[in-house]
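target_30.csv, holding CSV, N, CA and C atoms:
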chain,number,residue,atom,x,y,z
Q,82,MET,N,31.0,-64.1,5.8
Q,82,MET,CA,32.3,-63.5,5.5
Q,82,MET,C,32.2,-62.8,4.1
Q,83,THR,N,32.9,-61.7,4.1
Q,83,THR,CA,32.9,-60.9,2.8
Q,83,THR,C,34.4,-60.5,2.6
Q,84,LEU,N,34.8,-60.7,1.4
Q,84,LEU,CA,36.2,-60.2,1.0
Q,84,LEU,C,36.1,-58.7,0.9
Q,85,ASN,N,37.0,-58.0,1.7
Q,85,ASN,CA,37.0,-56.5,1.7
Q,85,ASN,C,38.2,-55.8,1.2
Q,86,LEU,N,39.3,-56.6,0.9
Q,86,LEU,CA,40.5,-56.0,0.4
Q,86,LEU,C,41.2,-57.0,-0.5
Q,87,LEU,N,41.7,-56.4,-1.7
Q,87,LEU,CA,42.4,-57.2,-2.6
Q,87,LEU,C,43.6,-56.3,-3.1
Q,88,VAL,N,44.8,-56.8,-3.0
Q,88,VAL,CA,46.0,-56.1,-3.4
Q,88,VAL,C,46.7,-56.8,-4.5
Q,89,ILE,N,47.0,-56.2,-5.6
Q,89,ILE,CA,47.9,-56.7,-6.6
Q,89,ILE,C,49.1,-55.9,-6.7
Q,90,ARG,N,50.2,-56.5,-7.1
Q,90,ARG,CA,51.5,-55.7,-7.2
Q,90,ARG,C,52.0,-55.8,-8.6
Q,91,THR,N,52.7,-54.7,-9.0
Q,91,THR,CA,53.1,-54.6,-10.4
Q,91,THR,C,54.4,-53.7,-10.4
Q,92,LYS,N,55.1,-53.9,-11.5
Q,92,LYS,CA,56.3,-53.1,-11.7
Q,92,LYS,C,55.9,-51.7,-12.2
Q,93,ASN,N,54.7,-51.6,-12.8
Q,93,ASN,CA,54.3,-50.3,-13.3
Q,93,ASN,C,52.9,-49.9,-12.8
Q,94,PRO,N,52.8,-49.4,-11.5
Q,94,PRO,CA,51.5,-49.1,-11.0
Q,94,PRO,C,50.7,-48.1,-11.8
Q,95,GLU,N,51.4,-47.0,-12.3
Q,95,GLU,CA,50.6,-46.0,-13.0
Q,95,GLU,C,50.0,-46.6,-14.3
Q,96,VAL,N,50.8,-47.4,-15.0
Q,96,VAL,CA,50.3,-48.0,-16.3
Q,96,VAL,C,49.2,-49.0,-16.0
Q,97,LEU,N,49.3,-49.8,-14.9
Q,97,LEU,CA,48.3,-50.8,-14.6
Q,97,LEU,C,47.0,-50.1,-14.1
Q,98,LYS,N,47.2,-49.0,-13.4
Q,98,LYS,CA,46.0,-48.2,-12.9
Q,98,LYS,C,45.2,-47.7,-14.1
Q,99,THR,N,45.9,-47.2,-15.1
Q,99,THR,CA,45.3,-46.7,-16.3
Q,99,THR,C,44.5,-47.8,-17.0
Q,100,GLN,N,45.2,-49.0,-17.0
Q,100,GLN,CA,44.5,-50.1,-17.7
Q,100,GLN,C,43.2,-50.5,-17.0
Q,101,TYR,N,43.2,-50.6,-15.7
Q,101,TYR,CA,42.0,-51.0,-15.0
Q,101,TYR,C,40.9,-49.9,-15.0
Q,102,GLU,N,41.4,-48.6,-15.2
Q,102,GLU,CA,40.4,-47.5,-15.3
Q,102,GLU,C,39.5,-47.7,-16.6
Q,103,LEU,N,40.1,-48.4,-17.6
Q,103,LEU,CA,39.4,-48.7,-18.8
Q,103,LEU,C,38.2,-49.6,-18.6
Q,104,LEU,N,38.3,-50.4,-17.5
Q,104,LEU,CA,37.2,-51.3,-17.1
Q,104,LEU,C,36.1,-50.5,-16.3
Q,105,GLY,N,36.4,-49.3,-15.9
Q,105,GLY,CA,35.4,-48.5,-15.2
Q,105,GLY,C,35.8,-48.2,-13.7
Q,106,LEU,N,36.9,-48.7,-13.3
Q,106,LEU,CA,37.4,-48.4,-11.9
Q,106,LEU,C,37.9,-47.0,-11.8
Q,107,SER,N,37.8,-46.4,-10.7
Q,107,SER,CA,38.5,-45.1,-10.5
Q,107,SER,C,39.3,-45.2,-9.2
Q,108,PHE,N,40.5,-44.6,-9.2
Q,108,PHE,CA,41.5,-44.8,-8.2
Q,108,PHE,C,41.9,-43.5,-7.5
Q,109,LYS,N,42.3,-43.6,-6.3
Q,109,LYS,CA,42.9,-42.5,-5.6
Q,109,LYS,C,44.3,-42.9,-5.2
Q,110,HIS,N,45.2,-41.9,-5.2
Q,110,HIS,CA,46.6,-42.2,-4.8
Q,110,HIS,C,46.7,-42.1,-3.3
Q,111,HIS,N,47.3,-43.2,-2.7
Q,111,HIS,CA,47.4,-43.3,-1.2
Q,111,HIS,C,48.8,-43.6,-0.8
Q,112,LYS,N,49.0,-43.3,0.5
Q,112,LYS,CA,50.2,-43.7,1.2
Q,112,LYS,C,49.8,-43.8,2.7
Q,113,HIS,N,50.2,-45.0,3.3
Q,113,HIS,CA,49.9,-45.2,4.7
Q,113,HIS,C,51.2,-45.3,5.4
Q,114,GLY,N,51.4,-44.4,6.4
Q,114,GLY,CA,52.7,-44.4,7.2
Q,114,GLY,C,53.9,-44.4,6.3
Q,115,ASN,N,54.8,-45.4,6.6
Q,115,ASN,CA,56.0,-45.5,5.8
Q,115,ASN,C,55.9,-46.4,4.6
Q,116,GLY,N,54.7,-46.9,4.3
Q,116,GLY,CA,54.4,-47.7,3.1
Q,116,GLY,C,54.6,-47.0,1.8
Q,117,PRO,N,54.6,-47.7,0.7
Q,117,PRO,CA,54.8,-47.1,-0.6
Q,117,PRO,C,53.5,-46.4,-1.1
Q,118,TYR,N,53.6,-45.5,-2.0
Q,118,TYR,CA,52.5,-44.9,-2.6
Q,118,TYR,C,51.8,-46.0,-3.5
Q,119,HIS,N,50.5,-46.0,-3.5
Q,119,HIS,CA,49.8,-47.0,-4.3
Q,119,HIS,C,48.4,-46.4,-4.7
Q,120,TYR,N,47.7,-47.2,-5.5
Q,120,TYR,CA,46.4,-46.7,-5.9
Q,120,TYR,C,45.3,-47.6,-5.3
Q,121,ALA,N,44.2,-47.0,-4.9
Q,121,ALA,CA,43.1,-47.7,-4.3
Q,121,ALA,C,41.8,-47.3,-5.0
Q,122,SER,N,41.0,-48.3,-5.2
Q,122,SER,CA,39.6,-48.1,-5.8
Q,122,SER,C,38.6,-48.8,-4.8
Q,123,GLU,N,37.6,-48.0,-4.4
Q,123,GLU,CA,36.6,-48.5,-3.5
Q,123,GLU,C,35.4,-49.0,-4.3
Q,124,LEU,N,35.1,-50.2,-4.2
Q,124,LEU,CA,33.9,-50.8,-4.8
Q,124,LEU,C,32.9,-51.0,-3.7
Q,125,GLU,N,31.8,-51.7,-3.9
Q,125,GLU,CA,30.7,-51.8,-2.9
Q,125,GLU,C,31.3,-52.3,-1.5
Q,126,HIS,N,31.9,-53.5,-1.5
Q,126,HIS,CA,32.4,-54.0,-0.2
Q,126,HIS,C,33.8,-54.4,-0.3
Q,127,LEU,N,34.5,-53.8,-1.3
Q,127,LEU,CA,35.9,-54.2,-1.6
Q,127,LEU,C,36.8,-53.0,-1.9
Q,128,VAL,N,37.9,-53.0,-1.3
Q,128,VAL,CA,39.0,-52.0,-1.7
Q,128,VAL,C,40.0,-52.8,-2.6
Q,129,PHE,N,40.1,-52.4,-3.8
Q,129,PHE,CA,41.0,-53.0,-4.8
Q,129,PHE,C,42.2,-52.1,-4.9
Q,130,GLU,N,43.4,-52.6,-4.6
Q,130,GLU,CA,44.6,-51.7,-4.5
Q,130,GLU,C,45.7,-52.3,-5.5
Q,131,ILE,N,46.4,-51.3,-6.1
Q,131,ILE,CA,47.6,-51.6,-6.9
Q,131,ILE,C,48.8,-51.0,-6.3
Q,132,TYR,N,49.7,-51.9,-5.9
Q,132,TYR,CA,50.9,-51.5,-5.2
Q,132,TYR,C,52.1,-51.8,-6.1
Q,133,PRO,N,53.2,-51.1,-5.9
Q,133,PRO,CA,54.5,-51.5,-6.6
Q,133,PRO,C,55.0,-52.8,-6.0
Q,134,LEU,N,55.8,-53.5,-6.8
Q,134,LEU,CA,56.5,-54.7,-6.4
Q,134,LEU,C,57.3,-54.4,-5.1
Q,135,THR,N,57.5,-55.3,-4.2
Q,135,THR,CA,58.4,-55.1,-3.1
Q,135,THR,C,59.8,-55.3,-3.6
Q,136,LYS,N,60.8,-54.9,-2.9
Q,136,LYS,CA,62.2,-55.1,-3.3
Q,136,LYS,C,62.6,-56.5,-3.5
Q,137,SER,N,61.9,-57.4,-2.8
Q,137,SER,CA,62.3,-58.9,-3.0
Q,137,SER,C,61.6,-59.5,-4.2
Q,138,MET,N,60.7,-58.8,-4.8
Q,138,MET,CA,60.0,-59.4,-6.0
Q,138,MET,C,60.6,-59.0,-7.3
Q,139,SER,N,60.7,-59.9,-8.2
Q,139,SER,CA,61.3,-59.6,-9.5
Q,139,SER,C,60.2,-59.4,-10.5
Q,140,LYS,N,59.0,-60.0,-10.3
Q,140,LYS,CA,57.9,-59.8,-11.2
Q,140,LYS,C,56.6,-60.0,-10.5
Q,141,ALA,N,55.5,-59.5,-11.1
Q,141,ALA,CA,54.2,-59.6,-10.5
Q,141,ALA,C,53.7,-61.1,-10.6
Q,142,ASP,N,52.8,-61.4,-9.6
Q,142,ASP,CA,52.2,-62.7,-9.6
Q,142,ASP,C,51.1,-62.8,-10.7
Q,143,ASP,N,51.4,-63.6,-11.7
Q,143,ASP,CA,50.4,-63.7,-12.8
Q,143,ASP,C,49.5,-64.9,-12.7
Q,144,SER,N,49.5,-65.6,-11.5
Q,144,SER,CA,48.6,-66.7,-11.3
Q,144,SER,C,47.3,-66.3,-10.7
Q,145,ILE,N,47.2,-65.1,-10.3
Q,145,ILE,CA,45.9,-64.6,-9.7
Q,145,ILE,C,44.9,-64.4,-10.8
Q,146,ARG,N,43.7,-64.8,-10.6
Q,146,ARG,CA,42.6,-64.6,-11.5
Q,146,ARG,C,41.6,-63.7,-10.8
Q,147,LEU,N,41.3,-62.6,-11.5
Q,147,LEU,CA,40.3,-61.6,-10.9
Q,147,LEU,C,39.0,-61.7,-11.6
Q,148,GLY,N,37.9,-61.3,-11.0
Q,148,GLY,CA,36.6,-61.2,-11.7
Q,148,GLY,C,35.9,-60.0,-11.3
Q,149,PHE,N,35.3,-59.3,-12.2
Q,149,PHE,CA,34.5,-58.1,-12.0
Q,149,PHE,C,33.2,-58.3,-12.7
Q,150,SER,N,32.1,-57.9,-12.0
Q,150,SER,CA,30.8,-57.8,-12.6
Q,150,SER,C,30.6,-56.4,-13.2
Q,151,VAL,N,30.2,-56.3,-14.4
Q,151,VAL,CA,30.0,-55.0,-15.1
Q,151,VAL,C,28.6,-54.9,-15.6
Q,152,PRO,N,28.1,-53.7,-15.8
Q,152,PRO,CA,26.8,-53.6,-16.4
Q,152,PRO,C,26.6,-54.2,-17.8
Q,153,ASP,N,27.6,-54.1,-18.6
Q,153,ASP,CA,27.5,-54.5,-20.0
Q,153,ASP,C,28.8,-55.1,-20.5
Q,154,VAL,N,28.9,-56.4,-20.5
Q,154,VAL,CA,30.2,-57.0,-20.9
Q,154,VAL,C,30.6,-56.7,-22.3
Q,155,SER,N,29.7,-56.8,-23.2
Q,155,SER,CA,30.0,-56.5,-24.6
Q,155,SER,C,30.5,-55.0,-24.8
Q,156,LYS,N,29.8,-54.1,-24.2
Q,156,LYS,CA,30.2,-52.7,-24.3
Q,156,LYS,C,31.6,-52.5,-23.7
Q,157,THR,N,31.9,-53.1,-22.6
Q,157,THR,CA,33.2,-53.0,-21.9
Q,157,THR,C,34.3,-53.6,-22.9
Q,158,ILE,N,34.0,-54.7,-23.5
Q,158,ILE,CA,35.0,-55.3,-24.4
Q,158,ILE,C,35.2,-54.3,-25.6
Q,159,ASP,N,34.1,-53.8,-26.1
Q,159,ASP,CA,34.2,-52.8,-27.2
Q,159,ASP,C,35.1,-51.6,-26.8
Q,160,ASN,N,34.9,-51.1,-25.6
Q,160,ASN,CA,35.7,-50.0,-25.1
Q,160,ASN,C,37.2,-50.2,-24.9
Q,161,ILE,N,37.6,-51.5,-24.7
Q,161,ILE,CA,39.0,-51.8,-24.5
Q,161,ILE,C,39.7,-52.3,-25.7
Q,162,LYS,N,38.9,-52.5,-26.8
Q,162,LYS,CA,39.6,-53.0,-28.1
Q,162,LYS,C,40.6,-51.9,-28.5
Q,163,ASN,N,41.7,-52.3,-29.0
Q,163,ASN,CA,42.8,-51.4,-29.4
Q,163,ASN,C,43.4,-50.7,-28.3
Q,164,THR,N,43.4,-51.3,-27.1
Q,164,THR,CA,44.1,-50.8,-25.9
Q,164,THR,C,45.2,-51.8,-25.5
Q,165,ASN,N,45.8,-51.7,-24.4
Q,165,ASN,CA,46.8,-52.6,-24.0
Q,165,ASN,C,46.2,-53.9,-23.3
Q,166,TRP,N,44.9,-54.0,-23.2
Q,166,TRP,CA,44.3,-55.3,-22.7
Q,166,TRP,C,44.4,-56.3,-23.8
Q,167,ILE,N,44.6,-57.6,-23.4
Q,167,ILE,CA,44.6,-58.7,-24.3
Q,167,ILE,C,43.2,-59.4,-24.0
Q,168,ILE,N,42.4,-59.6,-25.1
Q,168,ILE,CA,41.1,-60.2,-24.9
Q,168,ILE,C,41.4,-61.7,-25.2
Q,169,ARG,N,41.2,-62.5,-24.1
Q,169,ARG,CA,41.4,-64.0,-24.2
Q,169,ARG,C,40.2,-64.7,-24.7
Q,170,SER,N,39.0,-64.2,-24.3
Q,170,SER,CA,37.8,-64.8,-24.9
Q,170,SER,C,36.8,-63.7,-24.9
Q,171,ASN,N,36.1,-63.6,-26.1
Q,171,ASN,CA,35.1,-62.6,-26.3
Q,171,ASN,C,33.8,-63.0,-25.5
Q,172,PRO,N,32.9,-62.1,-25.4
Q,172,PRO,CA,31.7,-62.4,-24.6
Q,172,PRO,C,31.0,-63.7,-25.1
Q,173,THR,N,30.8,-64.6,-24.1
Q,173,THR,CA,30.2,-65.9,-24.3
Q,173,THR,C,29.2,-66.1,-23.3
Q,174,GLU,N,28.0,-66.7,-23.7
Q,174,GLU,CA,27.0,-67.1,-22.7
Q,174,GLU,C,27.5,-68.3,-22.0
Q,175,THR,N,27.5,-68.3,-20.7
Q,175,THR,CA,27.9,-69.5,-19.9
Q,175,THR,C,26.8,-69.7,-18.8
Q,176,GLU,N,27.0,-70.8,-18.0
Q,176,GLU,CA,26.0,-71.1,-17.0
Q,176,GLU,C,25.9,-70.0,-15.9
Q,177,TRP,N,26.9,-69.1,-15.9
Q,177,TRP,CA,26.9,-68.0,-14.9
Q,177,TRP,C,26.5,-66.7,-15.6
Q,178,GLY,N,26.2,-66.7,-16.8
Q,178,GLY,CA,25.8,-65.5,-17.6
Q,178,GLY,C,26.8,-65.1,-18.6
Q,179,LEU,N,26.7,-64.0,-19.2
Q,179,LEU,CA,27.6,-63.5,-20.3
Q,179,LEU,C,28.9,-63.2,-19.6
Q,180,THR,N,30.0,-63.8,-20.1
Q,180,THR,CA,31.3,-63.6,-19.6
Q,180,THR,C,32.3,-63.4,-20.7
Q,181,ALA,N,33.4,-62.7,-20.3
Q,181,ALA,CA,34.6,-62.6,-21.2
Q,181,ALA,C,35.8,-62.7,-20.3
Q,182,VAL,N,37.0,-63.0,-20.9
Q,182,VAL,CA,38.2,-63.1,-20.1
Q,182,VAL,C,39.3,-62.3,-20.8
Q,183,LEU,N,39.9,-61.4,-20.0
Q,183,LEU,CA,41.0,-60.5,-20.5
Q,183,LEU,C,42.3,-60.9,-19.8
Q,184,GLN,N,43.3,-60.3,-20.2
Q,184,GLN,CA,44.6,-60.5,-19.6
Q,184,GLN,C,45.2,-59.1,-19.4
Q,185,ASP,N,45.7,-58.8,-18.2
Q,185,ASP,CA,46.3,-57.4,-17.9
Q,185,ASP,C,47.8,-57.4,-18.3
Q,186,LEU,N,48.4,-56.3,-18.1
Q,186,LEU,CA,49.8,-56.1,-18.5
Q,186,LEU,C,50.8,-57.1,-17.8
Q,187,ASP,N,50.4,-57.5,-16.6
Q,187,ASP,CA,51.3,-58.5,-15.9
Q,187,ASP,C,50.9,-59.9,-16.1
Q,188,GLY,N,49.9,-60.2,-17.0
Q,188,GLY,CA,49.6,-61.6,-17.3
Q,188,GLY,C,48.4,-62.2,-16.5
Q,189,ARG,N,47.8,-61.4,-15.6
Q,189,ARG,CA,46.7,-61.9,-14.8
Q,189,ARG,C,45.5,-62.0,-15.7
Q,190,LYS,N,44.7,-63.1,-15.5
Q,190,LYS,CA,43.4,-63.2,-16.2
Q,190,LYS,C,42.4,-62.5,-15.4
Q,191,VAL,N,41.6,-61.8,-16.1
Q,191,VAL,CA,40.5,-60.9,-15.5
Q,191,VAL,C,39.2,-61.3,-16.2
Q,192,GLU,N,38.3,-61.9,-15.4
Q,192,GLU,CA,37.0,-62.3,-16.0
Q,192,GLU,C,36.0,-61.2,-15.8
Q,193,LEU,N,35.2,-60.9,-16.8
Q,193,LEU,CA,34.1,-59.9,-16.7
Q,193,LEU,C,32.8,-60.7,-16.9
Q,194,ILE,N,31.9,-60.4,-16.0
Q,194,ILE,CA,30.6,-61.0,-16.1
Q,194,ILE,C,29.5,-59.9,-16.0
Q,195,LYS,N,28.4,-60.2,-16.7
Q,195,LYS,CA,27.3,-59.2,-16.6
Q,195,LYS,C,26.8,-59.2,-15.2
Q,196,ARG,N,26.7,-57.9,-14.6
Q,196,ARG,CA,26.2,-57.7,-13.3
Q,196,ARG,C,24.7,-58.1,-13.2
Q,197,LEU,N,24.4,-59.0,-12.2
Q,197,LEU,CA,23.0,-59.4,-12.0
Q,197,LEU,C,22.3,-58.3,-11.2
Q,198,ILE,N,21.1,-58.0,-11.6
Q,198,ILE,CA,20.3,-57.0,-10.8
Q,198,ILE,C,19.3,-57.8,-10.0
Q,199,LEU,N,19.5,-57.7,-8.7
Q,199,LEU,CA,18.6,-58.5,-7.8
Q,199,LEU,C,17.5,-57.6,-7.2
Give the structure from the file, written as structure tokens.
Amino acid sequence: MTLNLLVIRTKNPEVLKTQYELLGLSFKHHKHGNGPYHYASELEHLVFEIYPLTKSMSKADDSIRLGFSVPDVSKTIDNIKNTNWIIRSNPTETEWGLTAVLQDLDGRKVELIKRLIL
């Protein structure tokens, strides 16, 4: 089994899209049928989408924790300093490799880990 779709919702899709672009993601603007406009980024086996909140939602779910493998964790952290990302933990060597934890505009924790080359 492989995860192939992940959708997060936000009050500010454009601002959140710009924030995730700082991590290296690129997005396309989409709309399916009668659904809302949203942003989609296609990764290897995963489509990562940013949707607006539904009418019944008052705030985004900040309990979701995301993880992205990146070529260079330290460089990514350097690139996002002085932006709207909150750095929760600087790059640290762990049993899984070099990792750092960020927080996005909606309060979600986002873990970065050095991509393993197999």
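For the set Q:Ile167, Q:Gly188, Q:Ile194, Q:Tyr118, the residue with the smallest atom-to-atom gap to Phe149 in chain Q is Q:Ile194, counting all atoms listed in the file.
Using only N, CA and C atoms, the shortest contact distance between Asp187 in chain Q and any of Q:Glu174, Q:Ile89, Q:Lys162, Q:Asp142 is found at Q:Asp142.
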Margin query: Report, in Å with one decimal, the straight-line distance from atom C of Arg189 in chain Q to atom C of Asn115 in chain Q.
Written below: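 Result for atom C of Arg189 in chain Q versus atom C of Asn115 in chain Q: 27.6 Å, one decimal.
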Checklist line | Which residue of Q:Asp185, Q:Glu192, Q:Glu130, Q:Glu102 approaches Leu86 in chain Q most closely, using all atoms listed in the file | finding: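 The closest residue to Leu86 in chain Q is Q:Glu130.
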Next item on the list: Find, counting all atoms listed in the file, the residue in Q:Leu97, Q:Leu103, Q:Val191, Q:Asn160 that gets nearest to Gly148 in chain Q.
Entry: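 Ranking Q:Leu97, Q:Leu103, Q:Val191, Q:Asn160 by distance to Gly148 in chain Q, first place goes to Q:Val191.
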Notebook entry, point to check: Mind pulling up the distance from CA of Glu123 in chain Q to CA of Thr83 in chain Q?
Noted result: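 For CA of Thr83 in chain Q relative to CA of Glu123 in chain Q, the distance reads 14.4 Å.
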Next item on the list: Would you mind telling me which residue in Q:Ile168, Q:Val182, Q:Val128, Q:Leu106 lies nearest to Arg146 in chain Q when using only C-alpha atoms?
Entry: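 Nearest to Arg146 in chain Q: Q:Val182.
Scanning chain Q with DSSP on the backbone, the helix (DSSP H, G or I) assignments fall on Q:Pro94, Q:Glu95, Q:Val96, Q:Leu97, Q:Lys98, Q:Thr99, Q:Gln100, Q:Tyr101, Q:Glu102, Q:Val154, Q:Ser155, Q:Lys156, Q:Thr157, Q:Ile158, Q:Asp159, Q:Asn160, Q:Ile161.
Among Q:Leu104, Q:Gln184, Q:Lys156, Q:Lys92, the residue with the shortest atom-to-atom distance to Arg169 in chain Q, counting all atoms listed in the file, is Q:Gln184.
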Check: In Å to one decimal, how far is CA of Thr173 in chain Q from CA of Glu125 in chain Q?
Finding: 25.6 Å
Note to self: I need the strand (DSSP E or B) residues of range 121-196 of chain Q per DSSP on the backbone, written as number ranges by chain.
What the structure shows: Q: 121-123, 128-133, 146-151, 167-175, 178-184, 190-195
Place N, CA, C and O atoms on range 166-185 of chain Q and deliver the coordinates as a short mmCIF file (atom, residue, chain, number, x, y, z; two decimals), keeping the file's coordinate frame.
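Output file selection_1.cif follows:
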data_model
loop_
_atom_site.label_atom_id
_atom_site.label_comp_id
_atom_site.auth_asym_id
_atom_site.auth_seq_id
_atom_site.Cartn_x
_atom_site.Cartn_y
_atom_site.Cartn_z
N TRP Q 166 44.90 -54.00 -23.20
CA TRP Q 166 44.30 -55.30 -22.70
C TRP Q 166 44.40 -56.30 -23.80
O TRP Q 166 44.24 -56.06 -24.98
N ILE Q 167 44.60 -57.60 -23.40
CA ILE Q 167 44.60 -58.70 -24.30
C ILE Q 167 43.20 -59.40 -24.00
O ILE Q 167 42.87 -59.71 -22.89
N ILE Q 168 42.40 -59.60 -25.10
CA ILE Q 168 41.10 -60.20 -24.90
C ILE Q 168 41.40 -61.70 -25.20
O ILE Q 168 41.72 -62.16 -26.26
N ARG Q 169 41.20 -62.50 -24.10
CA ARG Q 169 41.40 -64.00 -24.20
C ARG Q 169 40.20 -64.70 -24.70
O ARG Q 169 40.33 -65.70 -25.36
N SER Q 170 39.00 -64.20 -24.30
CA SER Q 170 37.80 -64.80 -24.90
C SER Q 170 36.80 -63.70 -24.90
O SER Q 170 36.56 -62.94 -24.00
N ASN Q 171 36.10 -63.60 -26.10
CA ASN Q 171 35.10 -62.60 -26.30
C ASN Q 171 33.80 -63.00 -25.50
O ASN Q 171 33.75 -64.14 -25.01
N PRO Q 172 32.90 -62.10 -25.40
CA PRO Q 172 31.70 -62.40 -24.60
C PRO Q 172 31.00 -63.70 -25.10
O PRO Q 172 30.78 -63.87 -26.24
N THR Q 173 30.80 -64.60 -24.10
CA THR Q 173 30.20 -65.90 -24.30
C THR Q 173 29.20 -66.10 -23.30
O THR Q 173 29.41 -65.90 -22.08
N GLU Q 174 28.00 -66.70 -23.70
CA GLU Q 174 27.00 -67.10 -22.70
C GLU Q 174 27.50 -68.30 -22.00
O GLU Q 174 27.79 -69.33 -22.63
N THR Q 175 27.50 -68.30 -20.70
CA THR Q 175 27.90 -69.50 -19.90
C THR Q 175 26.80 -69.70 -18.80
O THR Q 175 25.83 -69.00 -18.75
N GLU Q 176 27.00 -70.80 -18.00
CA GLU Q 176 26.00 -71.10 -17.00
C GLU Q 176 25.90 -70.00 -15.90
O GLU Q 176 24.96 -69.87 -15.19
N TRP Q 177 26.90 -69.10 -15.90
CA TRP Q 177 26.90 -68.00 -14.90
C TRP Q 177 26.50 -66.70 -15.60
O TRP Q 177 26.40 -65.63 -14.90
N GLY Q 178 26.20 -66.70 -16.80
CA GLY Q 178 25.80 -65.50 -17.60
C GLY Q 178 26.80 -65.10 -18.60
O GLY Q 178 27.74 -65.90 -18.92
N LEU Q 179 26.70 -64.00 -19.20
CA LEU Q 179 27.60 -63.50 -20.30
C LEU Q 179 28.90 -63.20 -19.60
O LEU Q 179 29.02 -62.35 -18.73
N THR Q 180 30.00 -63.80 -20.10
CA THR Q 180 31.30 -63.60 -19.60
C THR Q 180 32.30 -63.40 -20.70
O THR Q 180 32.15 -63.85 -21.82
N ALA Q 181 33.40 -62.70 -20.30
CA ALA Q 181 34.60 -62.60 -21.20
C ALA Q 181 35.80 -62.70 -20.30
O ALA Q 181 35.76 -62.36 -19.13
N VAL Q 182 37.00 -63.00 -20.90
CA VAL Q 182 38.20 -63.10 -20.10
C VAL Q 182 39.30 -62.30 -20.80
O VAL Q 182 39.46 -62.35 -22.04
N LEU Q 183 39.90 -61.40 -20.00
CA LEU Q 183 41.00 -60.50 -20.50
C LEU Q 183 42.30 -60.90 -19.80
O LEU Q 183 42.30 -61.74 -18.91
N GLN Q 184 43.30 -60.30 -20.20
CA GLN Q 184 44.60 -60.50 -19.60
C GLN Q 184 45.20 -59.10 -19.40
O GLN Q 184 45.31 -58.29 -20.36
N ASP Q 185 45.70 -58.80 -18.20
CA ASP Q 185 46.30 -57.40 -17.90
C ASP Q 185 47.80 -57.40 -18.30
O ASP Q 185 48.32 -58.45 -18.75
#
